[in-house]
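To start, the structure under review is shown below, and the notes come after it.
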Amino acid sequence: MNIVVCVKQVPDTATERKLSSKDNTLDRDAADGVINELCEYAVEEALKIKEAHGGEVTVLTMGPAKATDTIRKALAMGADKAVHLVDDALHGSDALGTSHALAQTLKKIGFDLVILGSESTDARTGVLAAMLAERLGTPQLTLARKVDIDGSAISIERVTDYGYDKVTATLPAVVSVVEKINEPRYPSFKGIMAAKKKPVQTFGVADAEIDTAQVGLASSWSEVTEFAVAPPRAAGTIVKDEGDGGAKAAEFLASKKFI
Amino acid sequence: MAVDRALPTPEAHDLLDLVRDIIAKEIAPRAARDETEGRFPRDLFTLLGRAGLLGLPYPEEHGGAAQPYEVYLQVVEELAGAFLAVGLGVSVHTLSCFPVAAYGDQERRAELLPQMLGGELLGAYCLSEPQSGSDAAALTTRAQAADGGYVVDGVKAWTTHGGVADFYTVMARTSADGPRGISCFHVPAGTPGLSFGRPERKMGMRSSPTAQVRLDGVRLGADALIGEEGEGFRIAMAALDGGRLGIAACAVGVAQAALDAATAYARERRQFGRPIAEFQGLGFMLADMATQVAAARALYLDAARLRDAGRPYGTRAAMAKLFATDTAMKVTTDAVQVFGGYGYVEDFPAERLMREAKVLQIVEGTNQIQRLVISRALTKDA
């Protein structure tokens with residue numbers, strides 16, 4: 001089975017994240033780049049499927065040159081090879097543009113199964129899996145907390161507000177996963193060493209036959225017109241319990257319409 | 001604060017990054033609690049084994065990572081600073097694997113090392129006995145030849161991982177000939193006749209079981225002997241030279257953790273209208289602590305580089321063990337002082353680190369024995 005995992009480098013959530021005042025896009029130099037957490041779950045699931053059913057795991061990422069760190073991390077966990085889609089023309093692409101670029105690349109490299117994290121910690125649109133499936137003409141199985149594969153049949157448990165839905169489809173397909181699905185492994189020291197020698201292919205927009213009119217900041221359907229720094233959190237109110245603490249707490253919650 | 005380390009290779013930097021990641025996510029969050037509840041974190045050794053961190057200084061052929069001691073010890077230092085039971089456990093495990101790795105024949109190495117270094121088999125090292133500690137050559141556990149193998153009888157004391165280990169590296173007497181009558185044996189857990197005392201109730205390191213190991217008519221095959229008959233004391237001393245560097249690294253880790261905690265507290269705690277770190281009396285104390293920690297690290301790394309270069313390093317290892325553990329005792333005691341009353345209570349890490357430091361002055365040769373080793377080296381004829 002040919003499994004492709006889409007991974008994304010995001011700014012470390014533990015550091016201060018900024019937008020660039022130049023073009024209102026993410027300032028990728030302001031914070032350390034790390035692999036998006038949900039992407040680690042996607043890589044883990046791909047490795048598990050490979051261990052059970054055989055095949056090959058390819059990591060695909062779109063991002064600037066320094067995204068190679070994220071590729072190495074996924075390779076160190078055990079993926080076999082990687083494709084890095086990197087081109088200045090892609091800078092500032094929104095979700096629609098990104099889905100076009102990734103879909104074109106996926107068509108080039110081929111796949112039986114595409115796995116993604118259900119969202120990234122930076123943009124948090126959570127729509128990429130659905131967009132990719134649409135562009136690729138495959139079934140979409142999103143928000144999976146469990147994946148089962150039997151021959152060319154794939155079924156997932158899709159997390160919902162009320163529990164889960166059982167969704168089945170036929171491969172090839174696109175799956176997005178949530179953090180309940182597994183516990184990502186740590187790369188081993190040997191895995192880290194081996195990752196340095198695994199093949200990483202670089203694609204530009206021309207290699208993937210990406211339509212430059214559909215990608216990049218200028219072609220984005222959505223636009224960030226302005227942004228402001230989040231205001232510092234206001235100090236909370238301290239209520240002294242003089243025997244009526246419970247009543248006061250209830251009063252507060254009622255005033256906020258919680259109760 | 002992460003220690004800035006000049007490591008010999010880019011791969012060693014990757015290794016330290018991996019170790020710090022595992023510490024931050026898996027080890028540091030539970031250290032204090034496991035320690036308070038006296039719970040042995042066996043699962044962490046499995047995790048470290050799978051990540052390839054239990055066989056760092058051993059050859060790649062059997063699952064090791066072929067790292068120099070200079071790198072291996074800095075991993076131990078970081079682990080010990082987060083959770084001494086884990087850092088010291090890694091050091092003891094590495095020590096327990098040494099006889100098989102260095103003196104075992106090819107067949108035994110291929111059979112045992114992959115599981116030892118992969119984290120499936122956790123080791124314990126049995127040299128001390130109730131009546132024979134510093135005078136290790138006075139041990140009385142006997143291994144008598146019988147049926148083409150051995151029958152072992154005796155009691156081993158102060159065994160780290162006693163009762164939870166999967167194998168025991170046991171020094172026992174095969175003849176009455178003093179140090180030359182001692183041999184080294186590999187004893188798997190579960191061997192009939194092997195039993196354990198109740199874990200000692202210790203001042204610190206409560207999550208790491210220390211217990212007596214009793215051998216009562218334990219029957220071993222001939223292949224349980226590691227090295228030659230009579231070679232055991234030499235193997236034990238060679239293992240301890242490396243083990244002492246492990247303890248030195250642990251001590252630096254504990255001291256660094258105490259320094260970090262004390263520094264953070266002194267910058268945050270305000271008295272008389274300013275952070276107490278701004279008072280010279282306290283700032284100078286922190287400066288001395290930081291200098292001693294850096295000097296101790298430099299000394300164990302110096303000994304490690306001698307070892308990595310294949311030169312005799314036993315004396316330098318003894319110096320490193322002596323200096324690093326005495327430093328850890330002093331620095332952790334000072335850290336408690338910096339915290340004031342908060343240093344004496346269990347809600348802050350300082351008192352735990354101080355209790356942990358004490359044991360390091362005692363294990364793998366008391367610091368008095370280290371001085372004996374050093375002074376003998378100085379006065380013997382070249």
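In the structure tokens, chains take letters A, B, ... by order of appearance, with residues numbered from 1 within each chain and ligands from 1 in the order shown.
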
Closest atom pairs, chain A residues within 9 Å of chain B, only C-alpha atoms, as a tab-separated table:
```
residue	atom	partner	partner_atom	distance
A:Arg185	CA	B:Ala51	CA	8.9
A:Tyr186	CA	B:Ala51	CA	6.6
A:Pro187	CA	B:Ala51	CA	6.4
A:Ser188	CA	B:Ala51	CA	3.9
A:Phe189	CA	B:Gly52	CA	5.5
A:Lys190	CA	B:Gly52	CA	6.8
A:Gly191	CA	B:Ala51	CA	8.6
A:Ile192	CA	B:Asp14	CA	7.4
A:Met193	CA	B:Glu11	CA	7.1
```

Keeping only C-alpha atoms, write those residues as a CSV table (one decimal), in the first residue's frame.
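Below is the file that was written, out.csv:
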```csv
chain,number,residue,atom,x,y,z
A,185,ARG,CA,6.1,6.9,19.1
A,186,TYR,CA,9.3,8.7,19.8
A,187,PRO,CA,11.8,8.4,17.1
A,188,SER,CA,14.7,6.1,18.2
A,189,PHE,CA,18.2,7.4,18.1
A,190,LYS,CA,18.9,4.9,15.2
A,191,GLY,CA,15.8,6.2,13.5
A,192,ILE,CA,17.2,9.8,13.7
A,193,MET,CA,20.5,8.6,12.2
```

- [ ] Considering only C-alpha atoms, state which residue in the set A:Gly236, A:Gly151, A:Gly204, A:Gly117 is at the smallest distance from Val178 in chain A.
- [x] A:Gly117

TODO: Could you please write out, as a VMD selection string, every residue of range 3-252 of chain A that DSSP assigns to strand (DSSP E or B)?
DONE: chain A and resid 3 to 7 9 to 11 19 26 33 to 35 56 to 62 81 to 85 113 to 117 140 to 150 153 to 160 163 to 170 173 to 177 200 to 203

Open item on the list: List as a VMD selection string the protein and nucleic acid residues near range 264-281 of chain B, meaning an atom at most 9 Å away when only C-alpha atoms are counted, but skip any in the same chain fewer than 4 places from it.
Closed with: chain B and resid 259 to 260 285 to 286 338 to 339

Task: Pick from B:Pro8, B:Gly154, B:Pro114, B:Gly221 nearest to Thr191 in chain B, counting only C-alpha atoms - done: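 Comparing B:Pro8, B:Gly154, B:Pro114, B:Gly221 against Thr191 in chain B, the winner is B:Gly221.
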
Go through range 269-344 of chain B residue by residue and, counting only C-alpha atoms, keep those with an atom at most 8 Å from range 348-351 of chain B; for each kept residue give the shortest atom pair and its distance in Å to one decimal, ordered by chain and increasing number, as CSV.
```
residue,atom,partner,partner_atom,distance
B:Thr332,CA,B:Ala350,CA,6.7
B:Ala335,CA,B:Ala350,CA,6.1
B:Val336,CA,B:Ala350,CA,5.3
B:Phe339,CA,B:Ala350,CA,7.6
B:Tyr342,CA,B:Phe348,CA,6.6
B:Gly343,CA,B:Ala350,CA,5.4
B:Tyr344,CA,B:Glu351,CA,5.6
```

Store the residues picked out above, limited to N, CA, C and O atoms, as a tab-separated table (two decimals), in the first residue's frame.
```tsv
chain	number	residue	atom	x	y	z
B	332	THR	N	23.36	21.15	46.55
B	332	THR	CA	21.96	20.91	46.91
B	332	THR	C	21.66	21.46	48.31
B	332	THR	O	20.56	21.96	48.55
B	335	ALA	N	21.18	25.03	47.89
B	335	ALA	CA	19.90	25.31	47.22
B	335	ALA	C	18.77	25.33	48.24
B	335	ALA	O	17.88	26.19	48.18
B	336	VAL	N	18.80	24.39	49.19
B	336	VAL	CA	17.80	24.40	50.26
B	336	VAL	C	17.86	25.73	51.01
B	336	VAL	O	16.85	26.36	51.31
B	339	PHE	N	16.20	28.60	49.16
B	339	PHE	CA	14.74	28.50	49.26
B	339	PHE	C	14.23	28.86	50.66
B	339	PHE	O	13.02	29.02	50.85
B	342	TYR	N	10.94	27.27	52.45
B	342	TYR	CA	10.35	26.51	51.34
B	342	TYR	C	11.28	25.39	50.89
B	342	TYR	O	10.85	24.43	50.26
B	343	GLY	N	12.58	25.54	51.17
B	343	GLY	CA	13.53	24.51	50.78
B	343	GLY	C	13.40	23.25	51.60
B	343	GLY	O	13.86	22.19	51.19
B	344	TYR	N	12.78	23.38	52.77
B	344	TYR	CA	12.73	22.26	53.71
B	344	TYR	C	11.45	21.45	53.58
B	344	TYR	O	11.25	20.47	54.28
```

Ala67 in chain A surroundings by only C-alpha atoms, 9 Å radius, close-in-sequence under 6 positions cut, as a PDB file with all heavy atoms, in the first residue's frame:
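Result file is out_15.pdb:
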```
ATOM      1  N   LYS A   8       2.811  19.231   8.390  1.00  0.00           N
ATOM      2  CA  LYS A   8       2.979  20.668   8.284  1.00  0.00           C
ATOM      3  C   LYS A   8       3.883  21.151   9.417  1.00  0.00           C
ATOM      4  O   LYS A   8       3.757  20.700  10.551  1.00  0.00           O
ATOM      5  CB  LYS A   8       1.608  21.345   8.400  1.00  0.00           C
ATOM      6  CG  LYS A   8       1.662  22.857   8.213  1.00  0.00           C
ATOM      7  CD  LYS A   8       0.266  23.462   8.350  1.00  0.00           C
ATOM      8  CE  LYS A   8       0.291  24.948   7.995  1.00  0.00           C
ATOM      9  NZ  LYS A   8      -1.027  25.580   8.202  1.00  0.00           N
ATOM     10  N   GLN A   9       4.750  22.085   9.057  1.00  0.00           N
ATOM     11  CA  GLN A   9       5.553  22.733  10.097  1.00  0.00           C
ATOM     12  C   GLN A   9       4.785  23.951  10.597  1.00  0.00           C
ATOM     13  O   GLN A   9       4.286  24.752   9.800  1.00  0.00           O
ATOM     14  CB  GLN A   9       6.904  23.170   9.538  1.00  0.00           C
ATOM     15  CG  GLN A   9       7.830  23.698  10.626  1.00  0.00           C
ATOM     16  CD  GLN A   9       9.217  24.026  10.084  1.00  0.00           C
ATOM     17  OE1 GLN A   9       9.360  24.796   9.149  1.00  0.00           O
ATOM     18  NE2 GLN A   9      10.223  23.419  10.667  1.00  0.00           N
ATOM     19  N   VAL A  10       4.671  24.059  11.908  1.00  0.00           N
ATOM     20  CA  VAL A  10       3.938  25.183  12.511  1.00  0.00           C
ATOM     21  C   VAL A  10       4.832  25.844  13.557  1.00  0.00           C
ATOM     22  O   VAL A  10       5.788  25.231  14.037  1.00  0.00           O
ATOM     23  CB  VAL A  10       2.632  24.701  13.191  1.00  0.00           C
ATOM     24  CG1 VAL A  10       1.666  24.117  12.168  1.00  0.00           C
ATOM     25  CG2 VAL A  10       2.927  23.694  14.288  1.00  0.00           C
ATOM     26  N   GLY A  33      10.109  26.446  14.395  1.00  0.00           N
ATOM     27  CA  GLY A  33       9.180  25.601  13.667  1.00  0.00           C
ATOM     28  C   GLY A  33       9.200  24.194  14.236  1.00  0.00           C
ATOM     29  O   GLY A  33      10.268  23.631  14.455  1.00  0.00           O
ATOM     30  N   VAL A  34       8.028  23.633  14.478  1.00  0.00           N
ATOM     31  CA  VAL A  34       7.945  22.242  14.946  1.00  0.00           C
ATOM     32  C   VAL A  34       6.905  21.531  14.095  1.00  0.00           C
ATOM     33  O   VAL A  34       6.111  22.171  13.404  1.00  0.00           O
ATOM     34  CB  VAL A  34       7.539  22.143  16.436  1.00  0.00           C
ATOM     35  CG1 VAL A  34       8.580  22.794  17.328  1.00  0.00           C
ATOM     36  CG2 VAL A  34       6.169  22.755  16.673  1.00  0.00           C
ATOM     37  N   ILE A  35       6.909  20.207  14.160  1.00  0.00           N
ATOM     38  CA  ILE A  35       5.887  19.455  13.435  1.00  0.00           C
ATOM     39  C   ILE A  35       4.552  19.687  14.142  1.00  0.00           C
ATOM     40  O   ILE A  35       4.474  19.667  15.365  1.00  0.00           O
ATOM     41  CB  ILE A  35       6.258  17.952  13.357  1.00  0.00           C
ATOM     42  CG1 ILE A  35       5.255  17.196  12.474  1.00  0.00           C
ATOM     43  CG2 ILE A  35       6.340  17.327  14.738  1.00  0.00           C
ATOM     44  CD1 ILE A  35       5.685  15.766  12.137  1.00  0.00           C
ATOM     45  N   THR A  61       5.230  17.442   2.485  1.00  0.00           N
ATOM     46  CA  THR A  61       5.013  18.710   3.167  1.00  0.00           C
ATOM     47  C   THR A  61       5.145  19.846   2.172  1.00  0.00           C
ATOM     48  O   THR A  61       5.922  19.783   1.215  1.00  0.00           O
ATOM     49  CB  THR A  61       5.985  18.910   4.349  1.00  0.00           C
ATOM     50  OG1 THR A  61       5.438  19.906   5.215  1.00  0.00           O
ATOM     51  CG2 THR A  61       7.357  19.375   3.908  1.00  0.00           C
ATOM     52  N   HIS A  84       9.166  17.248  -0.668  1.00  0.00           N
ATOM     53  CA  HIS A  84       9.076  18.601  -0.112  1.00  0.00           C
ATOM     54  C   HIS A  84       8.654  19.550  -1.231  1.00  0.00           C
ATOM     55  O   HIS A  84       9.392  19.764  -2.188  1.00  0.00           O
ATOM     56  CB  HIS A  84      10.438  19.009   0.463  1.00  0.00           C
ATOM     57  CG  HIS A  84      10.411  20.326   1.170  1.00  0.00           C
ATOM     58  ND1 HIS A  84      11.521  20.869   1.763  1.00  0.00           N
ATOM     59  CD2 HIS A  84       9.406  21.210   1.400  1.00  0.00           C
ATOM     60  CE1 HIS A  84      11.199  22.035   2.316  1.00  0.00           C
ATOM     61  NE2 HIS A  84       9.922  22.261   2.100  1.00  0.00           N
ATOM     62  N   VAL A  86       8.259  23.041  -2.310  1.00  0.00           N
ATOM     63  CA  VAL A  86       8.788  24.324  -1.848  1.00  0.00           C
ATOM     64  C   VAL A  86       8.963  25.256  -3.046  1.00  0.00           C
ATOM     65  O   VAL A  86       9.591  24.896  -4.042  1.00  0.00           O
ATOM     66  CB  VAL A  86      10.106  24.144  -1.054  1.00  0.00           C
ATOM     67  CG1 VAL A  86      11.106  23.277  -1.797  1.00  0.00           C
ATOM     68  CG2 VAL A  86      10.746  25.477  -0.704  1.00  0.00           C
TER      69      VAL A  86
END
```

Open item on the list: Give me the residues near Glu44 in chain A as a PyMOL selection string, where near means some atom within 10 Å (using only C-alpha atoms) and where sequence neighbours in that chain fewer than 4 positions away do not count.
Closed with: chain A and resi 5+38-40+48-50+74+77-79+181-186

Convert the current residue selection to file output with C-alpha atoms, as an mmCIF file, in the first residue's frame.
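And here is the file that came out, out19.cif:
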```cif
data_model
loop_
_atom_site.group_PDB
_atom_site.id
_atom_site.type_symbol
_atom_site.label_atom_id
_atom_site.label_comp_id
_atom_site.auth_asym_id
_atom_site.auth_seq_id
_atom_site.Cartn_x
_atom_site.Cartn_y
_atom_site.Cartn_z
ATOM 1 C CA VAL A 5 1.113 11.473 5.048
ATOM 2 C CA LEU A 38 -1.756 16.164 14.995
ATOM 3 C CA CYS A 39 0.586 15.374 12.103
ATOM 4 C CA GLU A 40 2.549 13.118 14.469
ATOM 5 C CA LYS A 48 0.857 1.241 11.962
ATOM 6 C CA ILE A 49 -1.034 0.585 8.726
ATOM 7 C CA LYS A 50 2.247 -0.141 6.969
ATOM 8 C CA ALA A 74 8.596 12.215 10.346
ATOM 9 C CA MET A 77 9.701 8.116 13.314
ATOM 10 C CA GLY A 78 9.940 5.579 10.493
ATOM 11 C CA ALA A 79 8.513 6.966 7.234
ATOM 12 C CA ILE A 181 -6.472 7.592 17.405
ATOM 13 C CA ASN A 182 -3.118 6.491 18.794
ATOM 14 C CA GLU A 183 -0.047 7.426 20.842
ATOM 15 C CA PRO A 184 2.728 8.627 18.511
ATOM 16 C CA ARG A 185 6.065 6.885 19.053
ATOM 17 C CA TYR A 186 9.289 8.691 19.842
#
```

TODO: Take CA of Gly243 in chain B and CA of Met171 in chain B and report the distance between them in Å, one decimal.
DONE: 15.6 Å

TODO: Tell me, as a count of residues only, which residues lie within 8 Å of range 316-325 of chain B, counting only C-alpha atoms; anything in the same chain fewer than 2 positions away does not count.
DONE: 31

Residues at most 6 Å from range 205-220 of chain A, counting only C-alpha atoms, excluding those fewer than 6 positions away in the same chain, as a PDB file with N, CA and C atoms, in the first residue's frame?
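As a result, selection-v5.pdb now contains:
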```
ATOM      1  N   ALA A  89       6.430  30.915  -5.042  1.00  0.00           N
ATOM      2  CA  ALA A  89       5.100  31.221  -5.587  1.00  0.00           C
ATOM      3  C   ALA A  89       3.982  30.739  -4.666  1.00  0.00           C
ATOM      4  N   LEU A  90       4.323  29.807  -3.743  1.00  0.00           N
ATOM      5  CA  LEU A  90       3.295  29.236  -2.860  1.00  0.00           C
ATOM      6  C   LEU A  90       3.082  30.068  -1.599  1.00  0.00           C
ATOM      7  N   HIS A  91       3.984  31.028  -1.363  1.00  0.00           N
ATOM      8  CA  HIS A  91       3.915  31.804  -0.117  1.00  0.00           C
ATOM      9  C   HIS A  91       2.565  32.507   0.032  1.00  0.00           C
ATOM     10  N   GLY A  92       1.945  32.356   1.178  1.00  0.00           N
ATOM     11  CA  GLY A  92       0.703  33.056   1.463  1.00  0.00           C
ATOM     12  C   GLY A  92      -0.548  32.351   0.953  1.00  0.00           C
ATOM     13  N   SER A  93      -0.396  31.132   0.420  1.00  0.00           N
ATOM     14  CA  SER A  93      -1.578  30.394  -0.070  1.00  0.00           C
ATOM     15  C   SER A  93      -2.560  30.144   1.069  1.00  0.00           C
ATOM     16  N   ASP A  94      -3.848  30.304   0.813  1.00  0.00           N
ATOM     17  CA  ASP A  94      -4.847  29.951   1.823  1.00  0.00           C
ATOM     18  C   ASP A  94      -5.202  28.478   1.662  1.00  0.00           C
ATOM     19  N   GLY A  97      -5.890  27.330  -1.942  1.00  0.00           N
ATOM     20  CA  GLY A  97      -4.660  27.293  -2.740  1.00  0.00           C
ATOM     21  C   GLY A  97      -3.787  26.120  -2.337  1.00  0.00           C
ATOM     22  N   ALA A 101      -2.386  22.898  -4.539  1.00  0.00           N
ATOM     23  CA  ALA A 101      -0.963  22.565  -4.665  1.00  0.00           C
ATOM     24  C   ALA A 101      -0.690  21.139  -4.207  1.00  0.00           C
ATOM     25  N   GLN A 104      -2.272  18.499  -6.651  1.00  0.00           N
ATOM     26  CA  GLN A 104      -1.467  18.316  -7.866  1.00  0.00           C
ATOM     27  C   GLN A 104      -0.250  17.442  -7.576  1.00  0.00           C
ATOM     28  N   THR A 105       0.381  17.698  -6.428  1.00  0.00           N
ATOM     29  CA  THR A 105       1.571  16.922  -6.064  1.00  0.00           C
ATOM     30  C   THR A 105       1.206  15.464  -5.818  1.00  0.00           C
TER      31      THR A 105
END
```

- [ ] List every residue of range 116-151 of chain B that DSSP, applied to the backbone of this structure, assigns to helix (DSSP H, G or I), and report them as a PyMOL selection string.
- [x] chain B and resi 116-118+136-138

Task: Nearest candidate to Gln67 in chain B (options B:Ala110, B:Ala238, B:Ile23, B:Asp308; using only C-alpha atoms) - done: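 Of all the options, B:Asp308 lies closest to Gln67 in chain B.
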
Task: Interatomic distance (Å, one decimal) between CA of Pro139 in chain A and CA of Asp87 in chain A - done: 28.7 Å

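CA of Ala129 in chain A lies 29.5 Å from CA of Ala228 in chain A.
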
Open item on the list: Ranking A:Ala169, A:Ile259, A:Leu96, A:Val175 by minimum distance to Leu113 in chain A and counting only C-alpha atoms, which one comes first?
Closed with: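 Using only C-alpha atoms, Leu113 in chain A sits closest to A:Val175.
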